[in-house]
Structures are given as C-alpha cells and as structure tokens.
Amino acid sequence: MYMPRHYQETRSEALHGLIDAYPFATVVTHADGELTANHLPFERVGEVLHGHVARGNEMVALDGAPVLVIFRGPHGYVSPNWYPTKHETGREVPTWNYAVVHVHGRLKVIEDATWLRALLERLTDRHEASEPAPWHVSDAPEDHIEKSLRAIVGIEIAIERIEGKFKLSQNHSERNRLGVIAGLRRRDGDGDAELADWMATQETSKP
C-alpha cells in the first residue's frame, strides 16, 4: 500500500479499533494464477481473526495460503471549498479522506463444529445487541443449527503483519483540517458524520 509518512498509522489501539468498529472485510487470496476477493465479517481475538465461509467457497481449499485482509473505515469526498486557504490563494484541489487497515497472514481452515458454534454465538450476540429482542443461535431448532454448521467451515488468520493508512488531512494546517470537519458535518451525507468524528479524534489525540 502506498504510504506517505504523514498518513501512516502504527498505534495498535487505533488499528485494532478500526477492525473492531468495521469488522466486515475483503479477503484477497491468490491461487492458480488468479486473484480472488471474498467479503465477510470477522471477530478479532487479540492478534487473531476468526470468521467462517460456505463450504463451497474456494478459500476452503487454501489452508496455509497467504492472505491479505482489508478493513475499511469511514471515507468521503473533501471539497477544496472547505479549506480556509482556498479562499486566500485558490491553490487547493479536491481529495478523498479515508481510513483503512491491511492485515497480512496465513489462512487456517477449521473443521470443528463446537468452535464454529461458539463463533456464531459470539457474532450474533454482538450484532443483535442493539435489537429490542435479540436473536440467539439457540432460538433456531437444533436440527437446523446442526445442518447450518455442516454447510460452513471456520477460518482463522493470525496477524503476521498489520499496516494502517489514515488519510485524514494530516498534510494540511489545523485550520484547514477543522474546515474539513465542519464541511463534513454540514454536508451530513452517508458516512460524513463518522469521518468527521474520526478526524476530530485525531485532533484531540495529538501530543
């Protein structure tokens, strides 16, 4: 990943925080001369990612293969009109702000119904937590659960290398960065508030 120094994020709490907040990832694999991308949610347990795929997924045949897992956080278009310096010099152009984390590791395929069930219970408990009447795996008939478990396999990826790129206007002055935050909040489109919050957090976490 192209990584200008001022966009590089190395703090483990920030990298893990993005993974935890945006667990739906793209998994890139390479086999038989072709690149393949799959999209699935993960659970991070320390330095390990847990997930599952359908038994028919090509990843099932790639036990031990190197993989790249891409987690994408908030992102959005940035108008040059939001920079105070644009109105003084005109020397600004549009850009796109975003935060991403790349995880490199090796795929481990897990054929263990007990492990899989525990994973599914944790995932559903997490994502159902905000529902007025959360659904639980045990709500389904046992024979249906067993049939569903036979149709999937678990995957585990130990994090061997992790890199983060948080492109949040760090190459601009403080007043320009604050102008972008204000512009995002004013526009308030899809994901704009999240991106503004991430930028604001960067401002308050500066030493």
# chains A, B, ... in the order shown; residues from 1 in each chain; ligands from 1
>>> residues_around(residues="Gly183 of chain A", least_positions_apart="3", cutoff="12 Å", atoms="only C-alpha atoms", output="PyMOL selection string")
chain A and resi 76-84+176-180+186-189+192-193+195-196+199
>>> residues_around(residues="Ile145 of chain A", least_positions_apart="6", cutoff="9 Å", atoms="only C-alpha atoms", output="list in words")
Arg117, Val137 and Ser138 of chain A
>>> write_last_selection(atoms="N, CA and C atoms", output="mmCIF file, in the first residue's frame")
data_model
loop_
_atom_site.group_PDB
_atom_site.id
_atom_site.type_symbol
_atom_site.label_atom_id
_atom_site.label_comp_id
_atom_site.auth_asym_id
_atom_site.auth_seq_id
_atom_site.Cartn_x
_atom_site.Cartn_y
_atom_site.Cartn_z
ATOM 1 N N ARG A 117 -19.777 -23.148 16.300
ATOM 2 C CA ARG A 117 -20.980 -22.716 17.008
ATOM 3 C C ARG A 117 -20.665 -21.594 17.988
ATOM 4 N N VAL A 137 -28.569 -17.854 18.663
ATOM 5 C CA VAL A 137 -28.438 -19.093 17.902
ATOM 6 C C VAL A 137 -29.374 -20.163 18.453
ATOM 7 N N SER A 138 -29.517 -20.211 19.754
ATOM 8 C CA SER A 138 -30.364 -21.236 20.385
ATOM 9 C C SER A 138 -31.849 -21.050 20.088
#
>>> residues_around(residues="Ala31 of chain A", least_positions_apart="4", cutoff="10 Å", atoms="only C-alpha atoms", output="list of chain:residue names")
A:Leu35, A:Thr36, A:Glu58, A:Met59, A:Ala61, A:Leu62, A:Ala65, A:Pro66
>>> write_last_selection(atoms="N, CA and C atoms", output="PDB file, in the first residue's frame")
ATOM      1  N   LEU A  35      -6.156 -13.753  -8.775  1.00  0.00           N
ATOM      2  CA  LEU A  35      -6.510 -13.125  -7.511  1.00  0.00           C
ATOM      3  C   LEU A  35      -8.008 -13.267  -7.301  1.00  0.00           C
ATOM      4  N   THR A  36      -8.392 -13.585  -6.060  1.00  0.00           N
ATOM      5  CA  THR A  36      -9.805 -13.724  -5.713  1.00  0.00           C
ATOM      6  C   THR A  36     -10.081 -12.905  -4.461  1.00  0.00           C
ATOM      7  N   GLU A  58     -14.018 -21.184  -2.426  1.00  0.00           N
ATOM      8  CA  GLU A  58     -12.682 -21.620  -2.849  1.00  0.00           C
ATOM      9  C   GLU A  58     -11.631 -21.470  -1.762  1.00  0.00           C
ATOM     10  N   MET A  59     -11.886 -20.635  -0.764  1.00  0.00           N
ATOM     11  CA  MET A  59     -10.927 -20.453   0.318  1.00  0.00           C
ATOM     12  C   MET A  59     -10.723 -21.737   1.121  1.00  0.00           C
ATOM     13  N   ALA A  61     -10.121 -24.597   0.173  1.00  0.00           N
ATOM     14  CA  ALA A  61      -9.025 -25.407  -0.382  1.00  0.00           C
ATOM     15  C   ALA A  61      -7.671 -24.725  -0.241  1.00  0.00           C
ATOM     16  N   LEU A  62      -7.621 -23.580   0.461  1.00  0.00           N
ATOM     17  CA  LEU A  62      -6.380 -22.798   0.521  1.00  0.00           C
ATOM     18  C   LEU A  62      -5.775 -22.778   1.923  1.00  0.00           C
ATOM     19  N   ALA A  65      -2.463 -20.862   2.940  1.00  0.00           N
ATOM     20  CA  ALA A  65      -2.106 -19.881   1.916  1.00  0.00           C
ATOM     21  C   ALA A  65      -1.991 -18.478   2.521  1.00  0.00           C
ATOM     22  N   PRO A  66      -1.113 -17.629   1.971  1.00  0.00           N
ATOM     23  CA  PRO A  66      -1.045 -16.240   2.421  1.00  0.00           C
ATOM     24  C   PRO A  66      -2.289 -15.473   1.999  1.00  0.00           C
TER      25      PRO A  66
END
>>> residues_around(residues="segment 95-103 of chain A", least_positions_apart="4", cutoff="8 Å", atoms="only C-alpha atoms", output="NGL selection string")
:A and (15 or 18-19 or 68-80 or 159-169 or 195)
>>> select_by_dssp(residues="segment 33-195 of chain A", states="strand (DSSP E)", output="PyMOL selection string")
chain A and resi 34-41+43-45+48-54+66-78+95-110+152-167
>>> residues_around(residues="Glu146 of chain A", least_positions_apart="3", cutoff="12 Å", atoms="only C-alpha atoms", output="PyMOL selection string")
chain A and resi 112-114+116-117+137-138+140-143+149-152
>>> select_by_dssp(residues="chain A", states="alpha helix (DSSP H)", output="PDB file with N, CA, C and O atoms, in the first residue's frame")
ATOM      1  N   SER A  12      -1.256   0.347  17.791  1.00  0.00           N
ATOM      2  CA  SER A  12      -2.055  -0.879  17.767  1.00  0.00           C
ATOM      3  C   SER A  12      -3.494  -0.624  18.207  1.00  0.00           C
ATOM      4  O   SER A  12      -4.427  -1.229  17.662  1.00  0.00           O
ATOM      5  N   GLU A  13      -3.690   0.289  19.158  1.00  0.00           N
ATOM      6  CA  GLU A  13      -5.051   0.551  19.616  1.00  0.00           C
ATOM      7  C   GLU A  13      -5.897   1.178  18.507  1.00  0.00           C
ATOM      8  O   GLU A  13      -7.109   0.917  18.393  1.00  0.00           O
ATOM      9  N   ALA A  14      -5.274   1.992  17.653  1.00  0.00           N
ATOM     10  CA  ALA A  14      -6.003   2.600  16.540  1.00  0.00           C
ATOM     11  C   ALA A  14      -6.299   1.572  15.459  1.00  0.00           C
ATOM     12  O   ALA A  14      -7.401   1.534  14.898  1.00  0.00           O
ATOM     13  N   LEU A  15      -5.323   0.717  15.153  1.00  0.00           N
ATOM     14  CA  LEU A  15      -5.509  -0.309  14.130  1.00  0.00           C
ATOM     15  C   LEU A  15      -6.557  -1.330  14.567  1.00  0.00           C
ATOM     16  O   LEU A  15      -7.469  -1.679  13.810  1.00  0.00           O
ATOM     17  N   HIS A  16      -6.436  -1.804  15.792  1.00  0.00           N
ATOM     18  CA  HIS A  16      -7.419  -2.756  16.311  1.00  0.00           C
ATOM     19  C   HIS A  16      -8.794  -2.105  16.446  1.00  0.00           C
ATOM     20  O   HIS A  16      -9.825  -2.755  16.226  1.00  0.00           O
ATOM     21  N   GLY A  17      -8.796  -0.826  16.797  1.00  0.00           N
ATOM     22  CA  GLY A  17     -10.063  -0.113  16.941  1.00  0.00           C
ATOM     23  C   GLY A  17     -10.832  -0.056  15.641  1.00  0.00           C
ATOM     24  O   GLY A  17     -12.063  -0.206  15.624  1.00  0.00           O
ATOM     25  N   LEU A  18     -10.127   0.161  14.521  1.00  0.00           N
ATOM     26  CA  LEU A  18     -10.813   0.189  13.233  1.00  0.00           C
ATOM     27  C   LEU A  18     -11.369  -1.187  12.886  1.00  0.00           C
ATOM     28  O   LEU A  18     -12.507  -1.315  12.430  1.00  0.00           O
ATOM     29  N   ILE A  19     -10.568  -2.234  13.105  1.00  0.00           N
ATOM     30  CA  ILE A  19     -11.038  -3.600  12.831  1.00  0.00           C
ATOM     31  C   ILE A  19     -12.286  -3.909  13.646  1.00  0.00           C
ATOM     32  O   ILE A  19     -13.262  -4.470  13.131  1.00  0.00           O
ATOM     33  N   ASP A  20     -12.278  -3.544  14.911  1.00  0.00           N
ATOM     34  CA  ASP A  20     -13.409  -3.853  15.786  1.00  0.00           C
ATOM     35  C   ASP A  20     -14.655  -3.050  15.399  1.00  0.00           C
ATOM     36  O   ASP A  20     -15.781  -3.545  15.500  1.00  0.00           O
ATOM     37  N   ALA A  21     -14.454  -1.808  14.962  1.00  0.00           N
ATOM     38  CA  ALA A  21     -15.583  -0.951  14.620  1.00  0.00           C
ATOM     39  C   ALA A  21     -16.150  -1.265  13.238  1.00  0.00           C
ATOM     40  O   ALA A  21     -17.340  -1.059  12.984  1.00  0.00           O
ATOM     41  N   LYS A  86      -8.030  27.955   0.643  1.00  0.00           N
ATOM     42  CA  LYS A  86      -8.512  28.015  -0.749  1.00  0.00           C
ATOM     43  C   LYS A  86      -9.049  29.401  -1.054  1.00  0.00           C
ATOM     44  O   LYS A  86      -8.868  29.942  -2.151  1.00  0.00           O
ATOM     45  N   HIS A  87      -9.718  29.999  -0.081  1.00  0.00           N
ATOM     46  CA  HIS A  87     -10.330  31.309  -0.286  1.00  0.00           C
ATOM     47  C   HIS A  87      -9.291  32.429  -0.244  1.00  0.00           C
ATOM     48  O   HIS A  87      -9.600  33.572  -0.617  1.00  0.00           O
ATOM     49  N   GLU A  88      -8.079  32.105   0.177  1.00  0.00           N
ATOM     50  CA  GLU A  88      -6.997  33.096   0.213  1.00  0.00           C
ATOM     51  C   GLU A  88      -6.078  32.986  -1.001  1.00  0.00           C
ATOM     52  O   GLU A  88      -5.642  34.002  -1.544  1.00  0.00           O
ATOM     53  N   THR A  89      -5.805  31.758  -1.424  1.00  0.00           N
ATOM     54  CA  THR A  89      -4.827  31.566  -2.502  1.00  0.00           C
ATOM     55  C   THR A  89      -5.396  30.865  -3.727  1.00  0.00           C
ATOM     56  O   THR A  89      -4.821  30.964  -4.809  1.00  0.00           O
ATOM     57  N   ALA A 113     -17.131 -28.261  14.700  1.00  0.00           N
ATOM     58  CA  ALA A 113     -18.487 -27.760  14.894  1.00  0.00           C
ATOM     59  C   ALA A 113     -18.631 -26.986  16.207  1.00  0.00           C
ATOM     60  O   ALA A 113     -19.357 -25.983  16.272  1.00  0.00           O
ATOM     61  N   THR A 114     -17.930 -27.430  17.257  1.00  0.00           N
ATOM     62  CA  THR A 114     -18.015 -26.733  18.545  1.00  0.00           C
ATOM     63  C   THR A 114     -17.410 -25.339  18.436  1.00  0.00           C
ATOM     64  O   THR A 114     -17.971 -24.350  18.932  1.00  0.00           O
ATOM     65  N   TRP A 115     -16.244 -25.255  17.789  1.00  0.00           N
ATOM     66  CA  TRP A 115     -15.581 -23.963  17.566  1.00  0.00           C
ATOM     67  C   TRP A 115     -16.473 -23.049  16.748  1.00  0.00           C
ATOM     68  O   TRP A 115     -16.633 -21.860  17.055  1.00  0.00           O
ATOM     69  N   LEU A 116     -17.067 -23.598  15.670  1.00  0.00           N
ATOM     70  CA  LEU A 116     -17.924 -22.812  14.792  1.00  0.00           C
ATOM     71  C   LEU A 116     -19.154 -22.286  15.524  1.00  0.00           C
ATOM     72  O   LEU A 116     -19.526 -21.115  15.384  1.00  0.00           O
ATOM     73  N   ARG A 117     -19.777 -23.148  16.300  1.00  0.00           N
ATOM     74  CA  ARG A 117     -20.980 -22.716  17.008  1.00  0.00           C
ATOM     75  C   ARG A 117     -20.665 -21.594  17.988  1.00  0.00           C
ATOM     76  O   ARG A 117     -21.415 -20.615  18.096  1.00  0.00           O
ATOM     77  N   ALA A 118     -19.564 -21.722  18.699  1.00  0.00           N
ATOM     78  CA  ALA A 118     -19.174 -20.673  19.645  1.00  0.00           C
ATOM     79  C   ALA A 118     -18.925 -19.355  18.917  1.00  0.00           C
ATOM     80  O   ALA A 118     -19.303 -18.280  19.400  1.00  0.00           O
ATOM     81  N   LEU A 119     -18.301 -19.430  17.729  1.00  0.00           N
ATOM     82  CA  LEU A 119     -18.061 -18.223  16.939  1.00  0.00           C
ATOM     83  C   LEU A 119     -19.386 -17.584  16.528  1.00  0.00           C
ATOM     84  O   LEU A 119     -19.570 -16.370  16.677  1.00  0.00           O
ATOM     85  N   LEU A 120     -20.299 -18.396  15.998  1.00  0.00           N
ATOM     86  CA  LEU A 120     -21.585 -17.862  15.558  1.00  0.00           C
ATOM     87  C   LEU A 120     -22.359 -17.248  16.723  1.00  0.00           C
ATOM     88  O   LEU A 120     -23.029 -16.217  16.561  1.00  0.00           O
ATOM     89  N   GLU A 121     -22.270 -17.853  17.887  1.00  0.00           N
ATOM     90  CA  GLU A 121     -22.952 -17.299  19.061  1.00  0.00           C
ATOM     91  C   GLU A 121     -22.364 -15.938  19.441  1.00  0.00           C
ATOM     92  O   GLU A 121     -23.104 -14.996  19.748  1.00  0.00           O
ATOM     93  N   ARG A 122     -21.042 -15.814  19.387  1.00  0.00           N
ATOM     94  CA  ARG A 122     -20.415 -14.535  19.732  1.00  0.00           C
ATOM     95  C   ARG A 122     -20.770 -13.462  18.698  1.00  0.00           C
ATOM     96  O   ARG A 122     -21.064 -12.314  19.059  1.00  0.00           O
ATOM     97  N   LEU A 123     -20.721 -13.841  17.416  1.00  0.00           N
ATOM     98  CA  LEU A 123     -21.021 -12.867  16.361  1.00  0.00           C
ATOM     99  C   LEU A 123     -22.464 -12.383  16.450  1.00  0.00           C
ATOM    100  O   LEU A 123     -22.735 -11.174  16.374  1.00  0.00           O
ATOM    101  N   THR A 124     -23.394 -13.320  16.595  1.00  0.00           N
ATOM    102  CA  THR A 124     -24.800 -12.903  16.641  1.00  0.00           C
ATOM    103  C   THR A 124     -25.105 -12.135  17.919  1.00  0.00           C
ATOM    104  O   THR A 124     -25.856 -11.151  17.892  1.00  0.00           O
ATOM    105  N   ASP A 125     -24.522 -12.534  19.035  1.00  0.00           N
ATOM    106  CA  ASP A 125     -24.753 -11.802  20.279  1.00  0.00           C
ATOM    107  C   ASP A 125     -24.265 -10.362  20.145  1.00  0.00           C
ATOM    108  O   ASP A 125     -24.911  -9.422  20.630  1.00  0.00           O
ATOM    109  N   ARG A 126     -23.137 -10.176  19.462  1.00  0.00           N
ATOM    110  CA  ARG A 126     -22.611  -8.816  19.284  1.00  0.00           C
ATOM    111  C   ARG A 126     -23.519  -7.987  18.386  1.00  0.00           C
ATOM    112  O   ARG A 126     -23.889  -6.859  18.712  1.00  0.00           O
ATOM    113  N   HIS A 127     -23.880  -8.542  17.245  1.00  0.00           N
ATOM    114  CA  HIS A 127     -24.600  -7.745  16.252  1.00  0.00           C
ATOM    115  C   HIS A 127     -26.108  -7.667  16.525  1.00  0.00           C
ATOM    116  O   HIS A 127     -26.788  -6.825  15.925  1.00  0.00           O
ATOM    117  N   GLU A 142     -32.666 -27.145  16.904  1.00  0.00           N
ATOM    118  CA  GLU A 142     -31.335 -27.740  16.982  1.00  0.00           C
ATOM    119  C   GLU A 142     -30.944 -28.429  15.679  1.00  0.00           C
ATOM    120  O   GLU A 142     -29.786 -28.342  15.253  1.00  0.00           O
ATOM    121  N   ASP A 143     -31.897 -29.122  15.029  1.00  0.00           N
ATOM    122  CA  ASP A 143     -31.540 -29.803  13.787  1.00  0.00           C
ATOM    123  C   ASP A 143     -31.178 -28.804  12.687  1.00  0.00           C
ATOM    124  O   ASP A 143     -30.333 -29.074  11.835  1.00  0.00           O
ATOM    125  N   HIS A 144     -31.813 -27.639  12.718  1.00  0.00           N
ATOM    126  CA  HIS A 144     -31.492 -26.599  11.736  1.00  0.00           C
ATOM    127  C   HIS A 144     -30.099 -26.029  11.987  1.00  0.00           C
ATOM    128  O   HIS A 144     -29.344 -25.757  11.045  1.00  0.00           O
ATOM    129  N   ILE A 145     -29.760 -25.855  13.251  1.00  0.00           N
ATOM    130  CA  ILE A 145     -28.422 -25.355  13.601  1.00  0.00           C
ATOM    131  C   ILE A 145     -27.360 -26.348  13.127  1.00  0.00           C
ATOM    132  O   ILE A 145     -26.358 -25.969  12.511  1.00  0.00           O
ATOM    133  N   GLU A 146     -27.581 -27.612  13.398  1.00  0.00           N
ATOM    134  CA  GLU A 146     -26.611 -28.636  13.002  1.00  0.00           C
ATOM    135  C   GLU A 146     -26.449 -28.686  11.486  1.00  0.00           C
ATOM    136  O   GLU A 146     -25.331 -28.817  10.973  1.00  0.00           O
ATOM    137  N   LYS A 147     -27.540 -28.565  10.757  1.00  0.00           N
ATOM    138  CA  LYS A 147     -27.480 -28.553   9.294  1.00  0.00           C
ATOM    139  C   LYS A 147     -26.697 -27.334   8.801  1.00  0.00           C
ATOM    140  O   LYS A 147     -25.867 -27.439   7.884  1.00  0.00           O
ATOM    141  N   SER A 148     -26.942 -26.183   9.421  1.00  0.00           N
ATOM    142  CA  SER A 148     -26.239 -24.958   9.031  1.00  0.00           C
ATOM    143  C   SER A 148     -24.745 -25.072   9.308  1.00  0.00           C
ATOM    144  O   SER A 148     -23.916 -24.623   8.504  1.00  0.00           O
ATOM    145  N   LEU A 149     -24.377 -25.672  10.434  1.00  0.00           N
ATOM    146  CA  LEU A 149     -22.969 -25.827  10.782  1.00  0.00           C
ATOM    147  C   LEU A 149     -22.247 -26.745   9.804  1.00  0.00           C
ATOM    148  O   LEU A 149     -21.069 -26.528   9.489  1.00  0.00           O
ATOM    149  N   ARG A 150     -22.942 -27.742   9.288  1.00  0.00           N
ATOM    150  CA  ARG A 150     -22.317 -28.645   8.317  1.00  0.00           C
ATOM    151  C   ARG A 150     -22.054 -27.956   6.979  1.00  0.00           C
ATOM    152  O   ARG A 150     -21.227 -28.406   6.196  1.00  0.00           O
ATOM    153  N   GLU A 174      -3.924  23.098  10.743  1.00  0.00           N
ATOM    154  CA  GLU A 174      -5.019  22.819  11.671  1.00  0.00           C
ATOM    155  C   GLU A 174      -6.311  23.483  11.218  1.00  0.00           C
ATOM    156  O   GLU A 174      -7.378  22.879  11.273  1.00  0.00           O
ATOM    157  N   ARG A 175      -6.247  24.713  10.755  1.00  0.00           N
ATOM    158  CA  ARG A 175      -7.486  25.393  10.364  1.00  0.00           C
ATOM    159  C   ARG A 175      -8.114  24.746   9.129  1.00  0.00           C
ATOM    160  O   ARG A 175      -9.340  24.704   9.013  1.00  0.00           O
ATOM    161  N   ASN A 176      -7.295  24.221   8.227  1.00  0.00           N
ATOM    162  CA  ASN A 176      -7.859  23.501   7.093  1.00  0.00           C
ATOM    163  C   ASN A 176      -8.513  22.195   7.544  1.00  0.00           C
ATOM    164  O   ASN A 176      -9.578  21.814   7.055  1.00  0.00           O
ATOM    165  N   ARG A 177      -7.854  21.494   8.473  1.00  0.00           N
ATOM    166  CA  ARG A 177      -8.436  20.247   8.983  1.00  0.00           C
ATOM    167  C   ARG A 177      -9.770  20.516   9.674  1.00  0.00           C
ATOM    168  O   ARG A 177     -10.746  19.780   9.482  1.00  0.00           O
ATOM    169  N   LEU A 178      -9.818  21.567  10.470  1.00  0.00           N
ATOM    170  CA  LEU A 178     -11.068  21.915  11.137  1.00  0.00           C
ATOM    171  C   LEU A 178     -12.126  22.342  10.128  1.00  0.00           C
ATOM    172  O   LEU A 178     -13.325  22.085  10.317  1.00  0.00           O
ATOM    173  N   GLY A 179     -11.694  22.954   9.034  1.00  0.00           N
ATOM    174  CA  GLY A 179     -12.619  23.324   7.972  1.00  0.00           C
ATOM    175  C   GLY A 179     -13.231  22.097   7.315  1.00  0.00           C
ATOM    176  O   GLY A 179     -14.419  22.090   6.968  1.00  0.00           O
ATOM    177  N   VAL A 180     -12.429  21.034   7.155  1.00  0.00           N
ATOM    178  CA  VAL A 180     -12.935  19.795   6.573  1.00  0.00           C
ATOM    179  C   VAL A 180     -13.947  19.145   7.521  1.00  0.00           C
ATOM    180  O   VAL A 180     -15.007  18.671   7.093  1.00  0.00           O
ATOM    181  N   ILE A 181     -13.625  19.118   8.807  1.00  0.00           N
ATOM    182  CA  ILE A 181     -14.553  18.549   9.791  1.00  0.00           C
ATOM    183  C   ILE A 181     -15.888  19.290   9.743  1.00  0.00           C
ATOM    184  O   ILE A 181     -16.963  18.675   9.712  1.00  0.00           O
ATOM    185  N   ALA A 182     -15.822  20.620   9.702  1.00  0.00           N
ATOM    186  CA  ALA A 182     -17.051  21.416   9.644  1.00  0.00           C
ATOM    187  C   ALA A 182     -17.811  21.150   8.343  1.00  0.00           C
ATOM    188  O   ALA A 182     -19.045  21.054   8.341  1.00  0.00           O
ATOM    189  N   GLY A 183     -17.085  21.018   7.237  1.00  0.00           N
ATOM    190  CA  GLY A 183     -17.726  20.755   5.951  1.00  0.00           C
ATOM    191  C   GLY A 183     -18.425  19.410   5.931  1.00  0.00           C
ATOM    192  O   GLY A 183     -19.541  19.284   5.395  1.00  0.00           O
ATOM    193  N   LEU A 184     -17.786  18.404   6.500  1.00  0.00           N
ATOM    194  CA  LEU A 184     -18.399  17.077   6.553  1.00  0.00           C
ATOM    195  C   LEU A 184     -19.674  17.097   7.397  1.00  0.00           C
ATOM    196  O   LEU A 184     -20.695  16.510   7.022  1.00  0.00           O
ATOM    197  N   ARG A 185     -19.620  17.768   8.533  1.00  0.00           N
ATOM    198  CA  ARG A 185     -20.800  17.818   9.401  1.00  0.00           C
ATOM    199  C   ARG A 185     -21.931  18.604   8.725  1.00  0.00           C
ATOM    200  O   ARG A 185     -23.114  18.254   8.870  1.00  0.00           O
ATOM    201  N   ARG A 186     -21.582  19.622   7.975  1.00  0.00           N
ATOM    202  CA  ARG A 186     -22.602  20.419   7.289  1.00  0.00           C
ATOM    203  C   ARG A 186     -23.243  19.618   6.154  1.00  0.00           C
ATOM    204  O   ARG A 186     -24.455  19.651   5.969  1.00  0.00           O
ATOM    205  N   ARG A 187     -22.418  18.886   5.402  1.00  0.00           N
ATOM    206  CA  ARG A 187     -22.965  18.090   4.299  1.00  0.00           C
ATOM    207  C   ARG A 187     -23.802  16.934   4.824  1.00  0.00           C
ATOM    208  O   ARG A 187     -24.866  16.621   4.303  1.00  0.00           O
ATOM    209  N   ASP A 192     -20.503  10.756   6.442  1.00  0.00           N
ATOM    210  CA  ASP A 192     -19.800  12.018   6.706  1.00  0.00           C
ATOM    211  C   ASP A 192     -19.597  12.262   8.198  1.00  0.00           C
ATOM    212  O   ASP A 192     -18.525  12.709   8.625  1.00  0.00           O
ATOM    213  N   ALA A 193     -20.621  11.989   9.001  1.00  0.00           N
ATOM    214  CA  ALA A 193     -20.504  12.229  10.444  1.00  0.00           C
ATOM    215  C   ALA A 193     -19.426  11.329  11.051  1.00  0.00           C
ATOM    216  O   ALA A 193     -18.646  11.773  11.912  1.00  0.00           O
ATOM    217  N   GLU A 194     -19.366  10.065  10.596  1.00  0.00           N
ATOM    218  CA  GLU A 194     -18.347   9.152  11.103  1.00  0.00           C
ATOM    219  C   GLU A 194     -16.948   9.645  10.747  1.00  0.00           C
ATOM    220  O   GLU A 194     -16.031   9.611  11.581  1.00  0.00           O
ATOM    221  N   LEU A 195     -16.785  10.084   9.495  1.00  0.00           N
ATOM    222  CA  LEU A 195     -15.476  10.568   9.065  1.00  0.00           C
ATOM    223  C   LEU A 195     -15.084  11.815   9.850  1.00  0.00           C
ATOM    224  O   LEU A 195     -13.926  11.964  10.272  1.00  0.00           O
ATOM    225  N   ALA A 196     -16.035  12.721  10.068  1.00  0.00           N
ATOM    226  CA  ALA A 196     -15.756  13.919  10.864  1.00  0.00           C
ATOM    227  C   ALA A 196     -15.353  13.544  12.286  1.00  0.00           C
ATOM    228  O   ALA A 196     -14.423  14.144  12.859  1.00  0.00           O
ATOM    229  N   ASP A 197     -16.027  12.548  12.859  1.00  0.00           N
ATOM    230  CA  ASP A 197     -15.683  12.114  14.210  1.00  0.00           C
ATOM    231  C   ASP A 197     -14.263  11.549  14.256  1.00  0.00           C
ATOM    232  O   ASP A 197     -13.520  11.796  15.219  1.00  0.00           O
ATOM    233  N   TRP A 198     -13.891  10.771  13.239  1.00  0.00           N
ATOM    234  CA  TRP A 198     -12.538  10.212  13.208  1.00  0.00           C
ATOM    235  C   TRP A 198     -11.505  11.321  13.093  1.00  0.00           C
ATOM    236  O   TRP A 198     -10.460  11.279  13.751  1.00  0.00           O
ATOM    237  N   MET A 199     -11.785  12.319  12.266  1.00  0.00           N
ATOM    238  CA  MET A 199     -10.855  13.437  12.146  1.00  0.00           C
ATOM    239  C   MET A 199     -10.760  14.215  13.449  1.00  0.00           C
ATOM    240  O   MET A 199      -9.670  14.622  13.870  1.00  0.00           O
ATOM    241  N   ALA A 200     -11.898  14.415  14.100  1.00  0.00           N
ATOM    242  CA  ALA A 200     -11.905  15.145  15.370  1.00  0.00           C
ATOM    243  C   ALA A 200     -11.115  14.389  16.428  1.00  0.00           C
ATOM    244  O   ALA A 200     -10.401  14.991  17.242  1.00  0.00           O
ATOM    245  N   THR A 201     -11.221  13.071  16.429  1.00  0.00           N
ATOM    246  CA  THR A 201     -10.459  12.251  17.380  1.00  0.00           C
ATOM    247  C   THR A 201      -8.968  12.414  17.139  1.00  0.00           C
ATOM    248  O   THR A 201      -8.168  12.479  18.093  1.00  0.00           O
ATOM    249  N   GLN A 202      -8.579  12.478  15.876  1.00  0.00           N
ATOM    250  CA  GLN A 202      -7.166  12.693  15.538  1.00  0.00           C
ATOM    251  C   GLN A 202      -6.690  14.027  16.107  1.00  0.00           C
ATOM    252  O   GLN A 202      -5.570  14.157  16.606  1.00  0.00           O
ATOM    253  N   GLU A 203      -7.544  15.044  16.016  1.00  0.00           N
ATOM    254  CA  GLU A 203      -7.167  16.362  16.530  1.00  0.00           C
ATOM    255  C   GLU A 203      -6.945  16.321  18.025  1.00  0.00           C
ATOM    256  O   GLU A 203      -5.975  16.875  18.557  1.00  0.00           O
ATOM    257  N   THR A 204      -7.868  15.671  18.751  1.00  0.00           N
ATOM    258  CA  THR A 204      -7.773  15.673  20.218  1.00  0.00           C
ATOM    259  C   THR A 204      -6.683  14.733  20.724  1.00  0.00           C
ATOM    260  O   THR A 204      -6.243  14.871  21.864  1.00  0.00           O
TER     261      THR A 204
END
>>> residues_around(residues="Val48 of chain A", least_positions_apart="4", cutoff="10 Å", atoms="only C-alpha atoms", output="mmCIF file with C-alpha atoms, in the first residue's frame")
data_model
loop_
_atom_site.group_PDB
_atom_site.id
_atom_site.type_symbol
_atom_site.label_atom_id
_atom_site.label_comp_id
_atom_site.auth_asym_id
_atom_site.auth_seq_id
_atom_site.Cartn_x
_atom_site.Cartn_y
_atom_site.Cartn_z
ATOM 1 C CA PHE A 42 -14.545 -11.125 11.309
ATOM 2 C CA GLU A 43 -14.133 -11.302 15.029
ATOM 3 C CA ARG A 44 -10.762 -10.161 16.346
ATOM 4 C CA GLY A 105 -1.327 -13.579 7.485
ATOM 5 C CA GLU A 156 -8.559 -18.285 11.350
ATOM 6 C CA ILE A 157 -5.901 -15.760 10.368
ATOM 7 C CA ALA A 158 -3.101 -14.937 12.777
ATOM 8 C CA ILE A 159 -1.956 -11.362 12.200
ATOM 9 C CA GLU A 160 1.634 -11.598 10.939
#
>>> atom_distance(atom1="atom CA of Tyr22 of chain A", atom2="atom CA of His50 of chain A")
14.2 Å
>>> atom_distance(atom1="atom CA of Leu40 of chain A", atom2="atom CA of Gly154 of chain A")
11.8 Å
